[in-house]
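Asker: Below is a structure I'd like to ask you about.
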Amino acid sequence: MPALGDATRGRILFGGDYNPEQWPEETWADDVRLMRDAGVNSVTVGVFSWARIEPRPGVREFGWLDRLTELLHSHDIGVVLATPTASPPPWMGARHPDTLPRDEDGRTVWWGSRQHFCPSSPTYRAYATALTEDLAARYGDHPALTLWHVNNEYCTFCWCDATARHFRRWLEARYGTVDALNEAWGTAFWSQRYDTWDEVIPPRRAQYLRNPAHLLDFRRFTSDALLECYVAERDIVARHSPHVPVTTNFMPFWTGQDAWRWAAEEDAVSVDVYPDPKDPLGGQYNAMIGDMTRSQARGPWMVMEQAAGPVNWRGVNHPKPRGLNRLHSLQSVARGADAVCYFQWRQSRQGAEKFHSGMVSHAGEHGRTFGEVKRIGAELAALGPRVAGTRVASDVAVLHDWHAWWAAEQEGRPSREVAYPEVVRAWHRALWEGGLTADFAHPEHDLGGYRVVVVPQLYLLTDAAVDNLVAYAAGGGTLVCGFLTGVADEDDRVRPGGMDERLRALFGIGTLHEWWPLDRDEKVACDGFAGTLWSEELEAPDAEVVAAYRDGELAGLPAVLRRDRAWYLSTLPEPAALRDLLARIADGAGVRPVLDGLPTGVEAVRRGDLLFVLNHGRTPVEVPVPGEYRELLAGTPVTGTLALERYGVAVLREGAA
Amino acid sequence: MPALGDATRGRILFGGDYNPEQWPEETWADDVRLMRDAGVNSVTVGVFSWARIEPRPGVREFGWLDRLTELLHSHDIGVVLATPTASPPPWMGARHPDTLPRDEDGRTVWWGSRQHFCPSSPTYRAYATALTEDLAARYGDHPALTLWHVNNEYCTFCWCDATARHFRRWLEARYGTVDALNEAWGTAFWSQRYDTWDEVIPPRRAQYLRNPAHLLDFRRFTSDALLECYVAERDIVARHSPHVPVTTNFMPFWTGQDAWRWAAEEDAVSVDVYPDPKDPLGGQYNAMIGDMTRSQARGPWMVMEQAAGPVNWRGVNHPKPRGLNRLHSLQSVARGADAVCYFQWRQSRQGAEKFHSGMVSHAGEHGRTFGEVKRIGAELAALGPRVAGTRVASDVAVLHDWHAWWAAEQEGRPSREVAYPEVVRAWHRALWEGGLTADFAHPEHDLGGYRVVVVPQLYLLTDAAVDNLVAYAAGGGTLVCGFLTGVADEDDRVRPGGMDERLRALFGIGTLHEWWPLDRDEKVACDGFAGTLWSEELEAPDAEVVAAYRDGELAGLPAVLRRDRAWYLSTLPEPAALRDLLARIADGAGVRPVLDGLPTGVEAVRRGDLLFVLNHGRTPVEVPVPGEYRELLAGTPVTGTLALERYGVAVLREGAA
Amino acid sequence: MPALGDATRGRILFGGDYNPEQWPEETWADDVRLMRDAGVNSVTVGVFSWARIEPRPGVREFGWLDRLTELLHSHDIGVVLATPTASPPPWMGARHPDTLPRDEDGRTVWWGSRQHFCPSSPTYRAYATALTEDLAARYGDHPALTLWHVNNEYCTFCWCDATARHFRRWLEARYGTVDALNEAWGTAFWSQRYDTWDEVIPPRRAQYLRNPAHLLDFRRFTSDALLECYVAERDIVARHSPHVPVTTNFMPFWTGQDAWRWAAEEDAVSVDVYPDPKDPLGGQYNAMIGDMTRSQARGPWMVMEQAAGPVNWRGVNHPKPRGLNRLHSLQSVARGADAVCYFQWRQSRQGAEKFHSGMVSHAGEHGRTFGEVKRIGAELAALGPRVAGTRVASDVAVLHDWHAWWAAEQEGRPSREVAYPEVVRAWHRALWEGGLTADFAHPEHDLGGYRVVVVPQLYLLTDAAVDNLVAYAAGGGTLVCGFLTGVADEDDRVRPGGMDERLRALFGIGTLHEWWPLDRDEKVACDGFAGTLWSEELEAPDAEVVAAYRDGELAGLPAVLRRDRAWYLSTLPEPAALRDLLARIADGAGVRPVLDGLPTGVEAVRRGDLLFVLNHGRTPVEVPVPGEYRELLAGTPVTGTLALERYGVAVLREGAA
């Protein structure tokens with residue numbers, strides 16, 4: 001099987017989406033000149049070229065793409081070739097309205113933007129695979145081809161009648177009989193029993209709360225339906241190019257795809273990541289997406305898209321201050337990326353994203369943005385041979401599962417203030433601020449390699465996952481669980497007692513009387529810290545109460561408890577408290593920060609034999625680094641103390657040489 | 001005619017919705033064991049059993065229900081049997097799309113939740129009455145049957161074409177001719193004249209403001225269309241069970257039903273009431289719903305649903321602190337309830353309401369929630385013989401009318417900050433905090449029995465209602481009116497001068513120049529208090545100005561005025577000021593609080609020969625109670641002072657014995 | 001060509017919309033009595049009379065309108081006759097559903113309000129023109145007729161299939177070929193290339209951001225489609241009444257119509273203006289709308305609608321304090337209005353606007369509102385001969401263009417906090433507070449007559465417009481530009497460098513590196529003031545830096561710069577700073593305020609040979625007025641100092657006589 005290394009070959013890929021069809025062909029020469037100037041060694045082409053290649057049904061116009069690939073090849077720029085199936089041409093919707101999605105209100109989603117295809121539409125699939133076939137036949141063995149990029153940011157939901165038929169087939173495969181579906185969905189409630197498969201529809205607009213298991217399965221189905229689209233195209237390109245790895249680019253931490261399942265179908269895992277330049281924790285966000293993608297890839301991964309400057313889809317789109325692009329790019333490399341790419345090469349003058357920055361912005365080659373791009377390109381070229389293919393070691397795992405997220409965010413739940421991604425982010429932040437490098441893992445993964453496993457919140461846990469956690473703890477691992485974990489089984493059926501009894505036994509919890517969710521901005525006083533979001537009325541006769549609630553209805557009841565190496569938090573401590581608690585627990589498990597005494601905002605992470613130190617702050621800092629190092633970017637020796645400018649990065653190799 | 005007393009027979013009904021079809025039949029024995037343990041004497045079954053009873057069109061599966069009713073009967077647990085017509089099975093929508101509602105945007109409301117039926121659909125009605133017929137034939141004379149519960153929380157609006165036809169028939173019955181409709185709706189405005197009945201449609205999505213009389217009549221029609229559904233089923237069950245009372249459960253103070261009109265069609269009046277446990281005025285809310293339902297029932301009434309713990313439909317769903325369930329349950333009894341029931345008996349493990357609490361919560365029989373349920377059951381069993389069937393006396397009436405509400409909440413009105421239910425609640429709160437027990441009444445009711453009548457806001461008053469108010473005052477009654485009263489006639493036609501001239505004469509008001517609505521959170525200074533929501537520029541040459549506006553454009557004009565016993569408030573005083581003003585007016589009319597000197601948050605109310613004292617505060621209090629009493633719950637004597645713990649309740653009988 | 005002067009004939013028109021069909025015919029005599037009492041000399045009839053005139057297809061009922069026009073004529077009240085085509089009768093939608101608009105989600109917009117017609121519907125157009133033909137034939141030479149008022153507040157958008165066909169024809173006329181359309185819209189982006197005209201649709205609901213040029217052209221098309229409706233009716237009435245001017249009433253500063261283009265098709269320009277009585281800058285708003293309408297009219301203009309008291313479409317609808325109606329009415333006259341009219345004469349008792357005030361409010365003829373109306377009528381009658389037809393002189397122009405607005409408010413843009421109308425209003429406010437009278441102008445207008453031209457924000461500028469600005473500056477004019485000007489060309493294609501290079505050369509700007517939009521309520525410190533909304537990272541080697549950013553990423557870079565007489569502001573200074581800056585720039589160009597030393601909130605403006613001084617404050621002021629004047633309203637002499645009560649107005653004629 002091909003892998004990312006077949007594309008990188010000892011280099012870090014540097015480049016971006018290249019859409020030359022938006023420009024007169026005369027511009028291309030200037031493009032490759034600037035690419036060379038910036039150290040670009042890889043560009044992605046064809047992502048949105050469907051209408052250019054197939055201007056009307058069945059026609060093929062490949063001449064421009066032939067010329068383009070030759071030009072790039074002649075300049076030693078590798079080609080990541082995309083199947084252009086994310087945005088069908090207008091003729092498809094106009095001739096085949098069945099390819100257009102319907103939303104849950106029955107409204108047609110028209111062409112005029114992108115991704116206006118129903119993933120269950122046989123018509124769409126037929127056109128998409130036919131085009132992919134011809135594309136792969138023509139370019140599958142082109143020497144410039146380094147990677148296949150299937151579609152783009154799969155994200156289309158649909159509630160149409162074709163989807164209904166597809167959903168029924170998926171359910172029939174999952175449950176076998178309507179009775180089994182009724183049992184799994186609990187349709188005895190509110191008289192929702194299905195008598196025949198034909199009565200099952202996607203969860204459309206309804207009078208009141210909809211069935212949560214129905215909603216959950218529709219999430220699962222949609223992820224799988226999109227995955228079928230991917231697999232169909234992947235199989236075609238893989239047949240033509242057996243040695244070229246295949247990827248599709250994920251949106252970061254996005255709700256619609258079970259990326260664990262998807263990643264297993266990819267040769268290389270790639271992600272698009274857009275931290276808000278004004279978010280003071282943008283660096284933590286970038287780290288989290290890197291950790292998650294690396295864990296899905298089980299090794300090096302790709303930043304397929306990031307922005308050299310502002311994006312255009314936020315309410316207020318901030319540019320990147322000087323140095324931030326470089327900081328985040330090198331941070332991704334530190335966390336395992338072997339590709340640092342952008343959307344897009346040259347900022348568009350027209351179209352919906354003309355205010356989304358490019359490596360070459362509207363300001364052109366003399367703009368500050370392109371200047372920083374050139375610097376990054378040069379540094380990555382120098383670092384490449386030392387880091388490409390190396391791994392990031394971690395003693396800590398953060399468990400995450402899309403199914404738990406989907407089940408937890410149903411309509412009628414204890415608190416709409418609890419947002420799964422924010423809870424995960426709060427826990428990752430605590431580890432990041434504590435200098436603890438973490439992988440992500442699925443709750444059914446083998447956790448034996450980790451000293452500490454943290455579970456921010458896994459509302460839904462399969463029996464296998466529960467057993468896995470219990471076995472992990474029994475095997476000497478340290479397990480730290482947040483609230484709303486183990487509440488429901490695989491069908492979103494609440495487990496007796498409101499929490500799995502094996503987990504309650506693990507933590508020493510007896511009766512869980514009631515959940516006490518907190519209001520927005522409400523805090524609950526606990527021993528030594530304030531809790532947020534949630535609290536619980538529970539008895540834990542067999543646990544040690546590490547911190548109790550201090551007043552209100554819950555005074556004296558456990559906020560943080562442990563039984564041996566199994567810890568349970570019935571609230572979300574404020575950031576510093578969670579950081580300190582996790583640091584203390586990790587320390588007890590023999591896990592130390594990468595570097596001790598890091599100033600606030602400074603991150604340290606080891607990749608291979610290199611130590612990356614990154615200053616996310618806007619002021620210069622001095623970082624204590626015991627021992628002797630060589631800093632590779634500047635080529636200077638470092639002894640005892642490292643000076644970092646604002647947004648500064650050091651890549652240290654041990655030893656004075 | 002049967003009545004609630006036929007079901008209660010000297011007891012307070014205690015129990016809840018029981019949905020055993022959600023559980024394996026083995027669980028039933030455990031259920032009845034726990035019911036007996038908790039003093040449950042009544043359960044409601046069948047509310048959402050349509051798909052279980054009629055799994056496909058025309059089939060009937062009654063076996064499980066036969067076994068269930070026998071089991072309950074054998075344990076002396078009465079059965080409130082519901083017609084399961086609130087939630088049609090999926091086969092109905094799938095086979096008969098004409099049964100599905102359309103919203104005002106034309107969107108289909110699909111199955112997958114509940115209440116997905118168009119009340120005007122002949123198909124739905126045919127299926128619902130056929131099933132009701134068979135159900136009533138089978139169980140109509142079952143000895144366990146105590147009450148019929150028709151449907152559940154009727155609340156479905158529909159704008160479909162069948163509704164349009166039904167609406168036209170309703171309008172034709174109301175107006176006779178299209179000309180009369182044009183006159184009533186004022187269709188000369190904006191060229192809206194209807195030439196034929198066929199042109200009339202429900203008020204669907206439009207370009208701008210819609211005709212307010214059209215909107216008002218559509219509200220009236222929808223209440224009546226739903227009522228037709230109720231009456232059709234009621235007539236069937238009454239035919240089979242002439243001695244069993246019939247009810248349908250109201251949502252509390254809900255906008256969609258003219259409950260005065262509905263209650264007249266019920267043998268017993270029941271309501272579902274869900275005060276927010278975190279609302280510091282939750283007790284006042286519970287009191288208000290109780291007062292309103294008692295007034296509709298003109299005697300004892302039923303809490304058909306309340307929650308033993310949290311609900312699941314708020315943004316953040318708080319559980320009930322220890323004691324609050326008991327406090328609210330006994331408060332309802334104090335205010336006339338002869339039934340204290342819950343949704344639902346056993347908390348569901350699946351479905352859309354699995355996070356809505358049950359009497360037996362996820363924590364099970366050892367949870368705190370069930371413990372409190374058992375205490376309540378025991379206390380109600382003891383109290384039952386002393387209170388069931390007795391009445392709550394009141395010298396004060398609060399006037400309320402759905403038609404006035406509907407007309408006032410039209411689209412283009414003076415202020416969207418004025419919300420009718422909040423205004424009513426503000427006035428009820430003032431009475432409640434002043435220790436004055438109040439009934440609710442319709443503006444055309446005979447008011448002769450009340451010493452004080454308050455009108456928080458009745459924007460629309462029929463001529464008969466105006467005459468009724470004027471006659472009441474002429475007969476020696478004390479009348480207190482808030483602003484926006486008497487503005488419009490029955491067709492929502494503004495009365496000359498902006499307020500009915502008979503009312504202006506009653507209050508001594510001359511010209512009402514302009515309304516001056518206040519912005520959100522704005523206050524206007526008046527003599528001795530601050531006004532909120534509203535103010536008015538008016539001349540009142542024949543009135544006494546009790547309090548004037550103090551600054552701004554209205555300085556010196558009347559904020560509170562009176563002419564003899566007729567009072568008018570052109571603003572909404574802040575809570576304490578309104579409380580004091582109403583206390584003063586009541587005192588002038590010879591109406592005193594139930595108890596003098598009540599501490600804040602303590603409620604006293606008399607029912608029959610008992611005095612209930614309830615502490616809604618979270619700290620213990622001492623309450624002065626002149627005289628000698630026996631406290632019935634604890635069986636202790638009380639002399640002069642009553643000690644109440646937080647959320648504590650005392651039921652006092654005069655005399656030391 | 002007829003003009004407004006043919007209707008005013010030396011008078012100021014005073015009156016309002018008169019809808020007597022809402023009242024019994026007996027009321028009419030009372031109406032004309034009160035009109036005479038109030039000095040009303042003009043009323044608008046028929047605006048919403050379609051259903052009255054054509055109660056069913058093809059029928060004509062003109063008798064009532066015959067009697068009405070005779071009655072008005074016999075009392076010397078002029079008739080502004082409206083074509084009643086803004087609100088089709090219910091029969092039209094019921095018989096011809098193709099006349100109903102569809103919104104961008106495909107939802108039908110039903111009858112039941114007003115303006116429920118698709119402007120592209122041939123059926124609607126056929127009915128509308130047939131009725132207009134008959135109306136014009138019957139009343140075209142009636143001696144009471146002074147003005148034709150076509151339709152009312154054209155504002156209907158539609159996305160239906162008939163609109164799609166019409167849109168394609170419009171596009172074909174604009175672009176000629178599909179290739180040209182593809183080029184103009186940049187459809188190479190996201191695979192949006194159209195292969196045939198048939199594939200083009202209105203911009204309906206889509207998955208993500210839509211094509212901005214598509215959205216822009218749909219705005220242009222809709223304005224033009226509505227204009228076609230207007231022109232078709234105008235041509236009919238003009239044929240029947242060649243000497244009667246024609247107008248249609250604009251909504252103020254409304255997004256949907258390119259009023260520059262529309263005004264060119266009108267004989268008289270009229271507007272509806274509704275400042276919020278509670279807005280402390282309501283007077284500035286009224287001034288801005290007046291300046292804009294006067295500029296469209298290139299001379300005297302009409303207030304077709306304003307409110308004598310509250311409106312009913314805001315969240316909270318405040319009445320007008322005593323004096324405010326008079327203040328705003330006289331302010332409009334001061335700024336060039338020759339007609340001061342209201343919606344509506346008599347406040348409705350029924351219908352959607354029954355809480356919108358009238359000249360005769362619900363309080364009737366003894367209400368304060370009518371009292372003020374009478375005063376205004378008398379004063380305007382006295383002023384008329386002196387002001388009607390005279391002009392307002394201005395040395396300053398504010399450039400404004402709908403196309404720039406439409407293009408700037410696309411979906412995916414740098415900042416959603418930047419709202420074009422608010423930016424324009426901020427600049428106009430600065431001029432208004434600085435006592436500088438301004439016209440509005442289109443960027444391609446001849447600007448030679450102005451000493452100062454300000455450009456608050458013109459994101460889109462055609463090449464001709466850029467050349468016009470450059471030529472204006474080259475010719476000695478002073479040009480002041482705000483940020484986001486000159487970014488895009490006519491097709492919304494971003495110009496190289498992010499700003500037109502001719503403009504950059506004009507201002508001395510080199511590289512524009514990045515835009516730095518500010519968050520809501522964020523401020524950026526600059527030399528001497530704080531900037532809001534926006535900032536920029538730019539180099540201006542050839543400019544003088546007038547004020548620099550003081551801290552943050554942009555410290556030291558230019559916030560305000562100039563090159564000779566060309567000024568550029570890369571941020572929006574806070575109000576006082578912008579006022580002072582513009583005053584200083586104007587002073588440098590030889591432009592002085594109308595009066596020096598005006599107290600805050602006092603406005604001075606010259607019309608013809610009269611000086612209007614208006615106090616927008618709520619407290620009396622003394623205004624220094626060097627010289628001797630006669631105040632015409634009170635008939636008193638003024639020497640040196642003018643005393644104005646709150647909301648007071650003085651109309652000064654130079655000289656003591």
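By convention in this document, the chains of the structure tokens carry letters A, B, ... by their order, each chain's residues are numbered from 1, and ligands are numbered from 1 in the order they are shown.
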For Glu25 in chain B, list every protein, DNA or RNA residue within 12 Å, evaluated using only C-alpha atoms, and leave out those in the same chain fewer than 3 positions away; present the list as a list in words.

Answerer: Asn19, Pro20, Glu21, Gln22, Trp28, Ala29, Asp30, Asp31, Val32, Trp64, Leu65, Arg67, Leu68 and Leu71 of chain B

Asker: Could you list, as a PyMOL selection string, every residue within 9 Å of range 388-400 of chain C, counting only C-alpha atoms and ignoring same-chain residues fewer than 6 positions away?

Answerer: chain C and resi 4-5+8-12+294+299-300+333-339+424+427-428+431+436-443+447+449-458+586+591+605-609

Asker: To one decimal place in Å, what is the distance between CA of Gln331 in chain C and CA of Ala378 in chain C?

Answerer: 15.8 Å

Asker: Please identify all residues of chain B having at least one atom at most 7 Å from any atom of chain A, considering only C-alpha atoms, and return them as a PyMOL selection string.

Answerer: chain B and resi 21-22+48-52+55-56+87-91+94+107+109-116+312-313+315-319+321+349-353+355+362-364+367-368

Asker: Go ahead and save the residues from that selection, with C-alpha atoms, as a CSV table (one decimal), in the first residue's frame.

Answerer:
chain,number,residue,atom,x,y,z
B,21,GLU,CA,-44.9,-0.6,26.5
B,22,GLN,CA,-41.4,1.0,26.7
B,48,PHE,CA,-48.8,7.3,23.1
B,49,SER,CA,-49.9,3.8,22.4
B,50,TRP,CA,-51.5,4.2,19.0
B,51,ALA,CA,-48.8,2.3,17.1
B,52,ARG,CA,-48.9,-0.4,19.7
B,55,PRO,CA,-49.6,-1.4,14.3
B,56,ARG,CA,-51.1,-1.2,10.8
B,87,SER,CA,-49.3,10.7,17.9
B,88,PRO,CA,-50.3,8.8,14.8
B,89,PRO,CA,-48.1,5.9,13.8
B,90,PRO,CA,-45.7,6.4,10.9
B,91,TRP,CA,-47.9,4.4,8.6
B,94,ALA,CA,-46.6,7.5,4.9
B,107,ARG,CA,-43.3,23.2,4.8
B,109,VAL,CA,-44.3,18.7,9.3
B,110,TRP,CA,-43.2,15.0,9.1
B,111,TRP,CA,-43.7,12.1,11.4
B,112,GLY,CA,-40.8,11.2,13.7
B,113,SER,CA,-41.8,13.2,16.7
B,114,ARG,CA,-45.5,13.5,17.8
B,115,GLN,CA,-48.6,15.6,17.1
B,116,HIS,CA,-48.0,15.5,13.4
B,312,ASN,CA,-35.4,18.2,29.1
B,313,TRP,CA,-36.8,21.0,26.9
B,315,GLY,CA,-31.8,25.3,27.5
B,316,VAL,CA,-30.4,24.2,30.9
B,317,ASN,CA,-32.6,21.7,32.7
B,318,HIS,CA,-32.2,22.0,36.5
B,319,PRO,CA,-33.2,19.3,38.8
B,321,PRO,CA,-33.7,20.7,45.0
B,349,ARG,CA,-34.2,5.0,28.7
B,350,GLN,CA,-34.8,5.8,25.0
B,351,GLY,CA,-36.7,8.3,23.0
B,352,ALA,CA,-36.9,12.1,22.9
B,353,GLU,CA,-37.7,12.5,26.5
B,355,PHE,CA,-33.8,13.1,30.0
B,362,HIS,CA,-32.6,6.7,36.1
B,363,ALA,CA,-31.1,6.5,39.7
B,364,GLY,CA,-33.9,4.0,40.5
B,367,GLY,CA,-32.5,7.7,44.2
B,368,ARG,CA,-33.4,10.9,46.1

Asker: Could you check how far CA of Ser361 in chain A sits from CA of Leu34 in chain A, in Å to one decimal?

Answerer: 12.2 Å

Asker: Identify, on the basis of only C-alpha atoms, every residue whose closest approach to Cys229 in chain C does not exceed 12 Å; exclude the query and any residue fewer than 3 positions from it along the same chain; express the result as a count of residues only.

Answerer: 35
